[in-house]
>>> print(open('query.cif').read())   # mmCIF, C-alpha atoms and all ligand atoms
data_coords
#
loop_
_atom_site.label_atom_id
_atom_site.label_comp_id
_atom_site.auth_asym_id
_atom_site.auth_seq_id
_atom_site.Cartn_x
_atom_site.Cartn_y
_atom_site.Cartn_z
CA MET A 1 -28.45 -16.02 10.53
CA THR A 2 -32.03 -16.75 9.46
CA PRO A 3 -34.42 -14.29 7.82
CA THR A 4 -35.97 -11.92 10.41
CA GLU A 5 -38.07 -8.75 10.60
CA THR A 6 -35.04 -6.77 9.47
CA THR A 7 -35.16 -8.78 6.26
CA THR A 8 -36.90 -6.56 3.74
CA ILE A 9 -39.30 -7.82 1.10
CA LEU A 10 -40.49 -5.60 -1.72
CA VAL A 11 -43.93 -6.44 -3.08
CA ALA A 12 -44.98 -4.99 -6.43
CA ASP A 13 -48.59 -5.44 -7.50
CA ASP A 14 -51.05 -3.02 -9.12
CA GLU A 15 -53.96 -4.54 -7.18
CA PRO A 16 -54.36 -2.92 -3.71
CA THR A 17 -56.17 -6.01 -2.44
CA ASN A 18 -53.29 -8.27 -3.41
CA LEU A 19 -50.85 -5.90 -1.73
CA ALA A 20 -52.98 -5.94 1.41
CA ILE A 21 -53.14 -9.75 1.48
CA LEU A 22 -49.41 -10.15 0.99
CA GLY A 23 -48.67 -7.38 3.50
CA HIS A 24 -50.85 -9.09 6.08
CA LEU A 25 -49.15 -12.42 5.42
CA LEU A 26 -45.58 -11.20 5.48
CA SER A 27 -45.43 -8.31 7.93
CA PRO A 28 -45.38 -10.48 11.10
CA HIS A 29 -42.11 -11.97 9.81
CA TYR A 30 -40.47 -9.39 7.58
CA ARG A 31 -40.23 -5.70 6.91
CA VAL A 32 -42.54 -5.22 3.89
CA ARG A 33 -42.32 -2.46 1.29
CA ALA A 34 -45.22 -2.25 -1.15
CA VAL A 35 -45.36 -0.53 -4.54
CA ARG A 36 -48.04 -0.45 -7.22
CA SER A 37 -46.15 -0.36 -10.51
CA GLY A 38 -43.12 -1.76 -12.30
CA GLU A 39 -41.45 1.68 -12.44
CA GLN A 40 -41.88 2.12 -8.68
CA ALA A 41 -40.50 -1.39 -8.13
CA LEU A 42 -37.27 -0.51 -9.98
CA GLN A 43 -36.94 2.66 -7.97
CA ALA A 44 -37.57 0.89 -4.66
CA ALA A 45 -35.02 -1.83 -5.48
CA VAL A 46 -32.20 0.69 -5.24
CA THR A 47 -33.41 2.75 -2.29
CA ALA A 48 -32.84 1.87 1.35
CA PRO A 49 -33.80 -0.37 2.95
CA ILE A 50 -32.62 -2.40 -0.05
CA PRO A 51 -34.93 -5.41 -0.47
CA ASP A 52 -33.56 -8.88 0.19
CA LEU A 53 -36.24 -10.38 -2.02
CA ILE A 54 -38.82 -9.06 -4.49
CA LEU A 55 -42.32 -10.42 -5.08
CA LEU A 56 -43.31 -9.25 -8.52
CA ASP A 57 -46.70 -9.35 -10.18
CA ILE A 58 -46.31 -10.20 -13.86
CA MET A 59 -49.37 -8.43 -15.20
CA MET A 60 -49.10 -4.75 -14.39
CA PRO A 61 -50.07 -1.77 -16.53
CA GLY A 62 -47.08 0.16 -17.84
CA MET A 63 -43.89 -1.78 -17.18
CA ASN A 64 -44.86 -5.40 -16.59
CA GLY A 65 -43.11 -7.89 -14.31
CA MET A 66 -40.95 -9.40 -17.09
CA ALA A 67 -39.62 -5.96 -18.06
CA VAL A 68 -38.93 -5.12 -14.43
CA LEU A 69 -37.02 -8.39 -14.01
CA ARG A 70 -34.99 -7.73 -17.16
CA ASN A 71 -34.03 -4.30 -15.81
CA LEU A 72 -33.16 -5.66 -12.36
CA LYS A 73 -30.88 -8.30 -13.85
CA ALA A 74 -29.18 -5.77 -16.10
CA SER A 75 -27.89 -3.67 -13.20
CA PRO A 76 -25.10 -4.97 -10.93
CA ALA A 77 -26.74 -3.19 -7.97
CA THR A 78 -29.91 -5.27 -8.24
CA SER A 79 -28.98 -8.37 -10.22
CA ASP A 80 -28.42 -10.45 -7.06
CA ILE A 81 -31.84 -9.77 -5.49
CA PRO A 82 -33.97 -12.91 -5.84
CA VAL A 83 -37.28 -12.29 -7.63
CA ILE A 84 -40.39 -14.42 -7.23
CA PHE A 85 -43.21 -13.89 -9.72
CA ILE A 86 -46.80 -13.78 -8.55
CA THR A 87 -49.34 -14.64 -11.16
CA ALA A 88 -52.93 -15.73 -11.56
CA MET A 89 -52.23 -18.04 -14.43
CA ILE A 90 -49.29 -18.43 -16.68
CA SER A 91 -48.53 -20.21 -19.89
CA PRO A 92 -45.64 -22.70 -19.85
CA GLU A 93 -43.81 -20.47 -22.38
CA SER A 94 -43.89 -17.35 -20.25
CA GLU A 95 -43.03 -19.39 -17.15
CA GLU A 96 -39.97 -20.63 -19.05
CA GLU A 97 -39.20 -17.09 -20.19
CA GLY A 98 -39.36 -15.78 -16.59
CA LEU A 99 -37.06 -18.52 -15.29
CA ARG A 100 -34.68 -17.90 -18.17
CA LEU A 101 -34.58 -14.21 -17.26
CA GLY A 102 -33.58 -15.20 -13.74
CA ALA A 103 -36.74 -15.41 -11.60
CA VAL A 104 -36.15 -17.90 -8.80
CA ASP A 105 -39.74 -19.10 -8.37
CA TYR A 106 -43.45 -18.60 -9.11
CA LEU A 107 -46.33 -18.19 -6.68
CA THR A 108 -49.80 -18.61 -8.14
CA LYS A 109 -52.84 -16.69 -7.03
CA PRO A 110 -54.79 -17.29 -4.93
CA ILE A 111 -51.83 -17.60 -2.63
CA THR A 112 -51.66 -20.41 -0.10
CA PRO A 113 -50.10 -18.70 2.96
CA ALA A 114 -48.11 -21.64 4.30
CA THR A 115 -46.63 -22.52 0.88
CA ALA A 116 -45.85 -18.90 0.07
CA LEU A 117 -44.12 -18.33 3.40
CA ALA A 118 -42.11 -21.56 3.07
CA ARG A 119 -40.91 -20.69 -0.42
CA ILE A 120 -40.07 -17.14 0.47
CA ARG A 121 -38.13 -18.31 3.48
CA THR A 122 -36.23 -20.90 1.43
CA HIS A 123 -35.19 -18.33 -1.15
CA LEU A 124 -34.15 -15.86 1.51
CA GLU A 125 -32.03 -18.52 3.20
CA LEU A 126 -30.51 -19.44 -0.14
CA LYS A 127 -29.68 -15.81 -0.81
CA GLN A 128 -28.10 -15.45 2.62
CA ALA A 129 -26.05 -18.59 2.12
CA ARG A 130 -24.91 -17.24 -1.25
CA ASP A 131 -23.99 -13.87 0.28
CA ARG A 132 -22.07 -15.58 3.07
CA LEU A 133 -20.20 -17.67 0.56
CA ALA A 134 -19.42 -14.61 -1.55
CA SER A 135 -18.10 -12.71 1.44
CA GLN A 136 -16.03 -15.72 2.55
CA ASN A 137 -14.71 -16.02 -0.99
CA ASN A 138 -13.90 -12.36 -0.95
CA TRP A 139 -12.08 -12.74 2.35
CA LEU A 140 -10.20 -15.78 1.05
CA GLU A 141 -9.17 -13.95 -2.10
CA GLN A 142 -7.90 -11.03 -0.04
CA GLU A 143 -6.06 -13.40 2.27
CA VAL A 144 -4.42 -15.18 -0.67
CA ARG A 145 -3.46 -11.83 -2.17
CA ARG A 146 -2.04 -10.64 1.16
CA ARG A 147 -0.01 -13.80 1.63
CA MET A 148 1.24 -13.67 -1.95
CA ASP A 149 2.38 -10.09 -1.25
CA ASP A 150 4.13 -11.31 1.91
CA ILE A 151 5.87 -14.06 -0.04
CA ARG A 152 6.90 -11.63 -2.77
CA GLU A 153 8.24 -9.22 -0.14
CA LEU A 154 10.21 -12.04 1.50
CA GLU A 155 11.60 -13.04 -1.88
CA ARG A 156 12.61 -9.45 -2.51
CA GLN A 157 14.31 -9.26 0.87
CA LEU A 158 16.09 -12.53 0.25
CA TYR A 159 17.19 -11.39 -3.19
CA ARG A 160 18.39 -8.10 -1.76
CA SER A 161 20.37 -9.63 1.06
CA GLN A 162 21.88 -12.24 -1.28
CA LYS A 163 22.79 -9.53 -3.75
CA MET A 164 24.40 -7.41 -1.03
CA GLU A 165 26.22 -10.49 0.26
CA ALA A 166 27.57 -11.31 -3.20
CA LEU A 167 28.53 -7.70 -3.92
CA GLY A 168 30.18 -7.52 -0.50
CA THR A 169 32.27 -10.62 -1.18
CA LEU A 170 33.31 -9.27 -4.56
CA ALA A 171 34.11 -5.82 -3.18
CA SER A 172 35.98 -7.28 -0.25
CA GLY A 173 38.24 -9.30 -2.59
CA ILE A 174 38.95 -6.24 -4.74
CA ALA A 175 39.55 -4.04 -1.69
CA HIS A 176 41.95 -6.55 -0.23
CA ASP A 177 44.04 -6.86 -3.41
CA LEU A 178 43.95 -3.14 -4.07
CA ASN A 179 45.08 -2.44 -0.56
CA ASN A 180 48.06 -4.72 -0.99
CA MET A 181 49.00 -2.88 -4.18
CA LEU A 182 48.47 0.52 -2.64
CA GLN A 183 50.65 -0.09 0.42
CA PRO A 184 53.96 0.22 -1.47
CA ILE A 185 52.68 3.08 -3.66
CA VAL A 186 51.62 5.15 -0.67
CA GLY A 187 54.57 4.16 1.49
CA LEU A 188 57.30 4.50 -1.11
CA SER A 189 56.00 7.71 -2.69
CA GLU A 190 55.79 9.21 0.77
CA MET A 191 59.39 8.20 1.51
CA ALA A 192 60.60 9.43 -1.87
CA LEU A 193 58.78 12.73 -1.36
CA LYS A 194 60.52 13.28 1.94
CA GLU A 195 63.91 12.75 0.32
CA ALA A 196 63.22 14.68 -2.89
CA ASP A 197 64.11 18.26 -3.57
CA ALA A 198 60.84 20.20 -3.31
CA GLN A 199 61.77 22.33 -6.33
CA ASP A 200 62.43 19.35 -8.53
CA ARG A 201 59.82 18.67 -11.27
CA ASN A 202 59.76 15.03 -10.29
CA SER A 203 58.89 15.99 -6.75
CA LYS A 204 55.64 17.57 -7.99
CA ARG A 205 54.90 14.45 -9.98
CA LEU A 206 55.55 12.35 -6.90
CA ARG A 207 53.15 14.54 -4.90
CA HIS A 208 50.42 13.75 -7.47
CA VAL A 209 51.17 10.04 -7.18
CA TYR A 210 51.06 10.21 -3.40
CA ASP A 211 47.79 12.24 -3.31
CA ALA A 212 46.09 9.94 -5.80
CA ALA A 213 47.26 6.86 -3.89
CA CYS A 214 45.86 8.35 -0.66
CA ARG A 215 42.51 8.94 -2.33
CA ALA A 216 42.54 5.37 -3.58
CA ARG A 217 43.33 4.14 -0.07
CA ASP A 218 40.38 6.18 1.18
CA LEU A 219 38.12 4.59 -1.40
CA VAL A 220 39.31 1.13 -0.40
CA LEU A 221 38.46 1.96 3.19
CA ARG A 222 34.93 2.88 2.18
CA ILE A 223 34.56 -0.29 0.14
CA LYS A 224 35.73 -2.22 3.18
CA LEU A 225 33.03 -0.59 5.27
CA PHE A 226 30.42 -1.60 2.72
CA SER A 227 31.72 -5.14 2.38
CA ARG A 228 31.78 -5.47 6.17
CA ASP A 229 35.49 -6.09 6.02
CA ALA A 230 36.28 -3.33 8.46
CA GLU A 231 36.10 -5.05 11.84
CA PRO A 232 34.03 -2.79 14.11
CA VAL A 233 35.48 -1.92 17.49
CA LYS A 234 32.33 -2.17 19.53
CA GLN A 235 31.62 -0.68 22.90
CA ARG A 236 28.57 0.29 24.87
CA ILE A 237 27.56 3.83 23.89
CA GLY A 238 24.54 6.07 24.20
CA LEU A 239 23.37 6.83 20.67
CA ALA A 240 21.97 10.28 21.47
CA ALA A 241 25.12 11.24 23.38
CA LEU A 242 27.25 10.10 20.46
CA CYS A 243 25.23 12.13 17.96
CA ASN A 244 25.39 15.07 20.32
CA GLU A 245 29.18 14.86 20.23
CA ALA A 246 29.05 14.74 16.44
CA GLU A 247 26.78 17.80 16.24
CA PRO A 248 29.59 20.35 15.59
CA LEU A 249 30.90 18.09 12.83
CA ILE A 250 27.47 17.88 11.19
CA ARG A 251 26.95 21.64 11.56
CA SER A 252 30.29 22.25 9.85
CA LEU A 253 29.03 20.25 6.85
CA VAL A 254 25.64 21.92 6.60
CA PRO A 255 25.56 25.32 4.86
CA ALA A 256 24.00 28.11 6.94
CA SER A 257 21.11 28.46 4.48
CA ILE A 258 19.82 25.02 5.53
CA ASP A 259 17.75 24.74 8.66
CA LEU A 260 19.28 21.90 10.72
CA ASP A 261 17.36 20.57 13.65
CA LEU A 262 18.61 17.88 16.01
CA LYS A 263 16.21 16.12 18.35
CA LEU A 264 18.24 13.71 20.36
CA HIS A 265 16.23 11.99 23.05
CA GLN A 266 18.72 10.80 25.61
CA GLY A 267 18.21 7.80 27.80
CA ALA A 268 17.49 4.12 27.30
CA ASP A 269 19.31 4.28 23.97
CA HIS A 270 22.49 2.38 24.68
CA ILE A 271 23.79 0.28 21.86
CA VAL A 272 26.89 -1.85 21.43
CA ALA A 273 28.57 -0.21 18.50
CA ASP A 274 31.64 1.14 16.80
CA ALA A 275 31.29 4.86 17.49
CA SER A 276 33.31 5.99 14.49
CA GLN A 277 31.32 3.75 12.13
CA ILE A 278 28.02 5.09 13.45
CA ILE A 279 29.27 8.65 12.95
CA THR A 280 30.43 7.75 9.43
CA ALA A 281 26.90 6.47 8.72
CA LEU A 282 25.31 9.61 10.16
CA LEU A 283 27.60 11.93 8.18
CA ASN A 284 26.79 10.07 4.98
CA LEU A 285 23.07 10.41 5.57
CA ALA A 286 23.51 14.09 6.38
CA SER A 287 25.62 14.68 3.28
CA ASN A 288 22.95 13.04 1.08
CA ALA A 289 20.29 15.18 2.74
CA ILE A 290 22.34 18.31 2.01
CA ASP A 291 22.61 17.29 -1.66
CA ALA A 292 18.88 16.59 -1.77
CA VAL A 293 17.86 20.09 -0.62
CA GLN A 294 20.00 21.99 -3.12
CA GLY A 295 18.21 25.00 -4.53
CA ILE A 296 15.30 25.01 -2.07
CA LYS A 297 14.73 26.29 1.45
CA GLY A 298 16.25 23.18 2.95
CA ARG A 299 15.31 21.57 6.22
CA ILE A 300 17.22 18.64 7.69
CA ARG A 301 16.25 16.92 10.87
CA VAL A 302 18.31 14.39 12.79
CA THR A 303 16.49 12.45 15.48
CA VAL A 304 17.44 9.78 17.94
CA GLU A 305 14.72 7.99 19.80
CA ARG A 306 13.90 4.67 21.27
CA VAL A 307 11.36 2.67 19.30
CA ASP A 308 9.69 -0.59 20.16
CA ILE A 309 9.24 -2.61 17.05
CA GLY A 310 6.16 -4.78 17.27
CA GLU A 311 4.66 -5.36 13.85
CA PRO A 312 7.15 -5.86 11.03
CA LEU A 313 7.96 -2.46 9.52
CA ASP A 314 6.68 -1.99 6.00
CA HIS A 315 9.40 0.28 4.75
CA THR A 316 12.60 -1.59 5.50
CA LEU A 317 15.05 -2.27 2.76
CA SER A 318 17.48 -4.44 4.66
CA ASP A 319 16.39 -7.60 6.46
CA PRO A 320 13.55 -6.50 8.72
CA PRO A 321 14.57 -5.68 12.29
CA ALA A 322 13.78 -8.27 14.93
CA PRO A 323 10.82 -7.20 17.06
CA GLY A 324 11.83 -5.47 20.28
CA PRO A 325 13.35 -2.24 21.51
CA HIS A 326 15.72 -0.38 19.20
CA ALA A 327 17.55 2.90 19.17
CA CYS A 328 16.52 4.68 16.01
CA LEU A 329 18.72 7.27 14.32
CA ALA A 330 16.85 9.02 11.53
CA VAL A 331 17.81 11.73 9.08
CA SER A 332 14.95 13.48 7.27
CA ASP A 333 15.05 16.15 4.63
CA ASN A 334 12.49 18.08 2.62
CA GLY A 335 14.47 17.57 -0.58
CA CYS A 336 13.94 16.11 -4.01
CA GLY A 337 12.97 12.61 -2.86
CA ILE A 338 13.90 9.31 -4.46
CA PRO A 339 11.83 7.94 -7.36
CA ALA A 340 10.05 4.73 -6.32
CA GLU A 341 11.83 2.71 -9.00
CA LEU A 342 15.24 3.74 -7.62
CA ILE A 343 14.59 3.04 -3.94
CA GLU A 344 15.75 -0.55 -4.36
CA LYS A 345 18.97 0.60 -5.98
CA VAL A 346 20.26 3.39 -3.77
CA PHE A 347 22.07 1.00 -1.43
CA ASP A 348 23.94 -0.68 -4.28
CA PRO A 349 27.62 0.16 -4.25
CA PHE A 350 28.54 2.75 -6.87
CA PHE A 351 24.93 3.62 -7.60
CA THR A 352 24.69 7.38 -7.86
CA THR A 353 22.46 9.88 -9.64
CA LYS A 354 24.98 12.64 -9.06
CA PRO A 355 27.29 14.00 -11.75
CA PRO A 356 30.81 12.57 -11.96
CA GLY A 357 32.92 13.99 -9.20
CA ALA A 358 29.92 14.87 -7.04
CA GLY A 359 29.04 11.39 -5.88
CA THR A 360 30.78 8.04 -5.57
CA GLY A 361 27.67 6.01 -4.89
CA LEU A 362 29.34 4.45 -1.86
CA GLY A 363 27.63 6.44 0.90
CA LEU A 364 24.48 4.40 1.38
CA SER A 365 26.19 1.09 0.67
CA MET A 366 28.60 1.93 3.48
CA VAL A 367 25.67 2.80 5.72
CA HIS A 368 24.15 -0.56 4.79
CA GLY A 369 27.37 -2.41 5.62
CA ILE A 370 27.73 -0.62 8.94
CA VAL A 371 24.14 -1.20 10.00
CA SER A 372 24.29 -4.90 9.05
CA GLN A 373 27.43 -5.34 11.10
CA HIS A 374 25.54 -3.94 14.06
CA GLY A 375 22.63 -6.34 13.60
CA GLY A 376 20.39 -3.42 12.69
CA ALA A 377 18.02 -2.56 9.88
CA ILE A 378 17.41 0.40 7.60
CA GLY A 379 14.03 1.98 6.95
CA ILE A 380 13.42 4.38 4.11
CA THR A 381 10.44 6.50 3.17
CA SER A 382 10.57 8.99 0.36
CA ALA A 383 8.17 11.05 -1.69
CA MET A 384 9.14 12.90 -4.83
CA GLY A 385 9.45 16.61 -4.18
CA ALA A 386 8.54 16.20 -0.51
CA GLY A 387 11.58 14.60 1.03
CA THR A 388 13.22 11.49 2.37
CA THR A 389 13.67 9.89 5.76
CA ILE A 390 16.24 7.22 6.31
CA SER A 391 16.09 5.48 9.69
CA LEU A 392 18.72 3.23 11.17
CA TYR A 393 17.32 0.77 13.71
CA LEU A 394 20.03 -0.47 16.03
CA PRO A 395 19.27 -3.12 18.65
CA LEU A 396 19.56 -1.84 22.19
CA ALA A 397 22.38 -3.13 24.36
CA PRO A 398 21.36 -5.63 27.04
CA GLN A 399 20.62 -4.01 30.40
CA LYS A 400 23.82 -3.28 32.28
CA GLU A 401 24.25 -5.28 35.44
CA GLU A 402 24.48 -2.94 38.41
N1 LIG B 1 18.22 12.05 1.15
C1 LIG B 1 18.20 11.73 -0.15
N2 LIG B 1 17.32 12.36 -0.99
C2 LIG B 1 17.28 12.04 -2.30
N3 LIG B 1 18.06 11.11 -2.89
C3 LIG B 1 18.92 10.45 -2.12
C4 LIG B 1 19.05 10.71 -0.72
N4 LIG B 1 19.99 9.89 -0.21
C5 LIG B 1 20.44 9.15 -1.24
N5 LIG B 1 19.83 9.48 -2.39
C6 LIG B 1 20.03 8.87 -3.72
O1 LIG B 1 20.80 7.70 -3.54
C7 LIG B 1 21.96 7.75 -4.35
C8 LIG B 1 23.08 7.00 -3.67
O2 LIG B 1 23.49 7.65 -2.49
P1 LIG B 1 24.93 7.38 -1.94
O3 LIG B 1 25.15 5.92 -1.85
O4 LIG B 1 25.14 8.17 -0.70
O5 LIG B 1 25.86 7.90 -3.11
P2 LIG B 1 26.15 9.39 -3.60
O6 LIG B 1 25.66 10.34 -2.54
O7 LIG B 1 27.62 9.41 -3.72
O8 LIG B 1 25.44 9.52 -4.89
C9 LIG B 1 22.20 9.23 -4.55
O9 LIG B 1 22.94 9.46 -5.73
C10 LIG B 1 20.79 9.77 -4.64
O10 LIG B 1 20.26 9.57 -5.93
MG MG B 2 26.15 10.05 -0.53
#
>>> encode(input="query.cif", output="structure tokens")
Amino acid sequence: MTPTETTTILVADDEPTNLAILGHLLSPHYRVRAVRSGEQALQAAVTAPIPDLILLDIMMPGMNGMAVLRNLKASPATSDIPVIFITAMISPESEEEGLRLGAVDYLTKPITPATALARIRTHLELKQARDRLASQNNWLEQEVRRRMDDIRELERQLYRSQKMEALGTLASGIAHDLNNMLQPIVGLSEMALKEADAQDRNSKRLRHVYDAACRARDLVLRIKLFSRDAEPVKQRIGLAALCNEAEPLIRSLVPASIDLDLKLHQGADHIVADASQIITALLNLASNAIDAVQGIKGRIRVTVERVDIGEPLDHTLSDPPAPGPHACLAVSDNGCGIPAELIEKVFDPFFTTKPPGAGTGLGLSMVHGIVSQHGGAIGITSAMGAGTTISLYLPLAPQKEE
């Protein structure tokens, strides 16, 4: 782009004749604004159309050119506008002073039109080149920042999936050994109970052993789900139909004071999945939502819909879902929300903010294990005091051959 009539030049000179001469010279090429004092020049420099260049007479009554220049340079809004001094005669000292203050050039009166136009044009082109460079720099800086953010996000994702992998391996080992130890405790206490006299004191003790062992077995099962040790039995199922079947179960969990709304969009939502694992995941999300709305007029919404993932989602905590069509099962609540600094932690096994006995901290880690085993991804958005939405993105099953 070269300077044109939309390029604005501000001319400040107390002599009307000088203003007329400069106006005559410049107006065929530029938009010219003329003012007759230093004070007016400062004012005009910050009012639209903002000048691209200022021609400034040095000798003016009131605020002279040097003072105007000093003021222009002092303000970030005007410090970049190139200023050319116009002067009848000037001592080398004040010429030096003007250049030191930041004037880009001098034009001496009487003005030679061709020289003046050439110099003005050069300085305008220089300014434009500088502006272009600054905006390119700006763009580059933003681009670098954006890519650094991307890299940091990828590192976070990698760290998260490696952490979950390592925790899964550890948990799976513990679950396996525990299971082996629990088998005889559950089996033998059950047998002994059957043979014992129900009135016997030892029989009551045995009942405690058996109950505790069953709870432990249950815990191991949940750990297995988190550590992806529980082999899913996958079949082609409609996600909305499955959630529909589970509706009575969810309703039985949700107290009547909570407003539960299910929006299950049927159709084109077939996934290849272990139905009981998906229901386990849904019930865990629902149970967290119930806990989150304690003490308020709670609202929980369960939705199933088909979503086409194009751009990478910005709120996923697991590995991001591959682009393409997914069935999305989401549970939203208007509850307490999750503090931003805890969002990264809620999927960790045994992480809970609930009092002992109220939470095991295995719910979301199980959900994570289940979703990973189905090649899906988890999205989470939460705002303190406003609520939380957790979305499970499950890849759609390939089209069935007719
Ligand atoms: N819908 C929700 N709203 C607010 N906080 C939640 C929600 N879901 C999960 N959380 C937080 O994540 C933690 C871990 O959840 P989870 O793994 O299910 O374990 P638990 O429910 O046993 O605490 C919870 O203790 C809670 O702090
Ligand atoms: Mg839970």
>>> closest_residue(input="query.cif", among="A:Gly335, A:Gly376, A:Gly173, A:Pro255", to="ligand LIG 1 (chain B)", atoms="only C-alpha atoms and all ligand atoms")
A:Gly335
>>> closest_residue(input="query.cif", among="A:Gln373, A:Thr280, A:Asn64, A:Thr122", to="ligand LIG 1 (chain B)", atoms="all atoms listed in the file")
A:Thr280
>>> residues_around(input="query.cif", residues="Met181 of chain A", least_positions_apart="4", cutoff="12 Å", atoms="all atoms listed in the file", output="number ranges by chain")
A: 174-177, 185-188, 213, 216-217, 220
>>> write_last_selection(input="query.cif", atoms="C-alpha atoms", output="short mmCIF file (atom, residue, chain, number, x, y, z; two decimals), in the frame of the given file")
data_model
loop_
_atom_site.label_atom_id
_atom_site.label_comp_id
_atom_site.auth_asym_id
_atom_site.auth_seq_id
_atom_site.Cartn_x
_atom_site.Cartn_y
_atom_site.Cartn_z
CA ILE A 174 38.95 -6.24 -4.74
CA ALA A 175 39.55 -4.04 -1.69
CA HIS A 176 41.95 -6.55 -0.23
CA ASP A 177 44.04 -6.86 -3.41
CA ILE A 185 52.68 3.08 -3.66
CA VAL A 186 51.62 5.15 -0.67
CA GLY A 187 54.57 4.16 1.49
CA LEU A 188 57.30 4.50 -1.11
CA ALA A 213 47.26 6.86 -3.89
CA ALA A 216 42.54 5.37 -3.58
CA ARG A 217 43.33 4.14 -0.07
CA VAL A 220 39.31 1.13 -0.40
#
>>> residues_near_ligand(input="query.cif", ligand="ligand MG 2 (chain B)", cutoff="10 Å", atoms="only C-alpha atoms and all ligand atoms", output="list of chain:residue names")
A:Ala281, A:Leu283, A:Asn284, A:Leu285, A:Ala286, A:Ser287, A:Asn288, A:Ala289, A:Ile290, A:Asp291, A:Ala292, A:Val346, A:Phe347, A:Phe350, A:Phe351, A:Thr352, A:Thr353, A:Lys354, A:Ala358, A:Gly359, A:Thr360, A:Gly361, A:Leu362, A:Gly363, A:Leu364, A:Ser365, A:Met366, A:Val367
>>> atom_distance(input="query.cif", atom1="atom C6 of ligand LIG 1 (chain B)", atom2="atom CA of Gly298 of chain A")
16.2 Å
>>> residues_near_point(input="query.cif", point="(-44.7, -1.8, 1.9)", cutoff="10 Å", atoms="all atoms listed in the file", output="number ranges by chain")
A: 8-12, 19-20, 22-23, 27, 31-36
>>> atom_distance(input="query.cif", atom1="atom CA of Leu154 of chain A", atom2="atom CA of Gln136 of chain A")
26.5 Å
>>> atom_distance(input="query.cif", atom1="atom CA of Thr112 of chain A", atom2="atom CA of Asp14 of chain A")
19.6 Å
>>> closest_residue(input="query.cif", among="A:Lys263, A:His123, A:His24, A:Lys109", to="Val83 of chain A", atoms="only C-alpha atoms")
A:His123
>>> residues_near_point(input="query.cif", point="(17.4, 6.2, 22.5)", cutoff="7 Å", atoms="all atoms listed in the file", output="mmCIF file with C-alpha atoms, in the coordinates of the input")
data_model
loop_
_atom_site.group_PDB
_atom_site.id
_atom_site.type_symbol
_atom_site.label_atom_id
_atom_site.label_comp_id
_atom_site.auth_asym_id
_atom_site.auth_seq_id
_atom_site.Cartn_x
_atom_site.Cartn_y
_atom_site.Cartn_z
ATOM 1 C CA LEU A 239 23.370 6.830 20.670
ATOM 2 C CA ALA A 240 21.970 10.280 21.470
ATOM 3 C CA HIS A 265 16.230 11.990 23.050
ATOM 4 C CA GLN A 266 18.720 10.800 25.610
ATOM 5 C CA GLY A 267 18.210 7.800 27.800
ATOM 6 C CA ALA A 268 17.490 4.120 27.300
ATOM 7 C CA ASP A 269 19.310 4.280 23.970
ATOM 8 C CA HIS A 270 22.490 2.380 24.680
ATOM 9 C CA VAL A 304 17.440 9.780 17.940
ATOM 10 C CA GLU A 305 14.720 7.990 19.800
ATOM 11 C CA ARG A 306 13.900 4.670 21.270
ATOM 12 C CA ALA A 327 17.550 2.900 19.170
ATOM 13 C CA CYS A 328 16.520 4.680 16.010
#
>>> closest_residue(input="query.cif", among="A:Ile271, A:Leu167, A:Val307, A:Val302", to="Ile237 of chain A", atoms="all atoms listed in the file")
A:Ile271
>>> closest_residue(input="query.cif", among="A:Asp80, A:Asp333, A:Glu341, A:Asp149", to="ligand LIG 1 (chain B)", atoms="all atoms listed in the file")
A:Asp333
>>> closest_atom_pairs(input="query.cif", of="segment 126-186 of chain A", to="segment 48-53 of chain A", cutoff="12 Å", atoms="all atoms listed in the file", output="CSV")
residue,atom,partner,partner_atom,distance
A:Leu126,CA,A:Leu53,CA,10.9
A:Lys127,CA,A:Asp52,CA,8.0
A:Gln128,CA,A:Asp52,CA,8.9
A:Asp131,CA,A:Asp52,CA,10.8
>>> closest_residue(input="query.cif", among="A:His374, A:Gln43, A:Leu392, A:Asn334", to="ligand LIG 1 (chain B)", atoms="all atoms listed in the file")
A:Asn334
>>> residues_around(input="query.cif", residues="Pro232 of chain A", least_positions_apart="5", cutoff="8 Å", atoms="all atoms listed in the file", output="PyMOL selection string")
chain A and resi 273-274+277+373
>>> decode(input="query.cif", residues="segment 265-280 of chain A", atoms="C-alpha atoms", output="short mmCIF file (atom, residue, chain, number, x, y, z; two decimals), in the first residue's frame")
data_model
loop_
_atom_site.label_atom_id
_atom_site.label_comp_id
_atom_site.auth_asym_id
_atom_site.auth_seq_id
_atom_site.Cartn_x
_atom_site.Cartn_y
_atom_site.Cartn_z
CA HIS A 265 -32.33 -38.14 20.93
CA GLN A 266 -32.77 -41.52 19.34
CA GLY A 267 -31.35 -42.48 16.00
CA ALA A 268 -27.92 -42.55 14.40
CA ASP A 269 -26.39 -43.12 17.82
CA HIS A 270 -25.28 -46.72 17.64
CA ILE A 271 -22.07 -47.53 19.41
CA VAL A 272 -20.17 -50.75 19.99
CA ALA A 273 -20.11 -50.96 23.74
CA ASP A 274 -20.50 -52.91 26.93
CA ALA A 275 -24.01 -51.91 27.97
CA SER A 276 -23.49 -52.52 31.68
CA GLN A 277 -20.26 -50.50 31.71
CA ILE A 278 -21.95 -47.57 29.98
CA ILE A 279 -24.77 -47.69 32.53
CA THR A 280 -22.21 -47.85 35.35
#
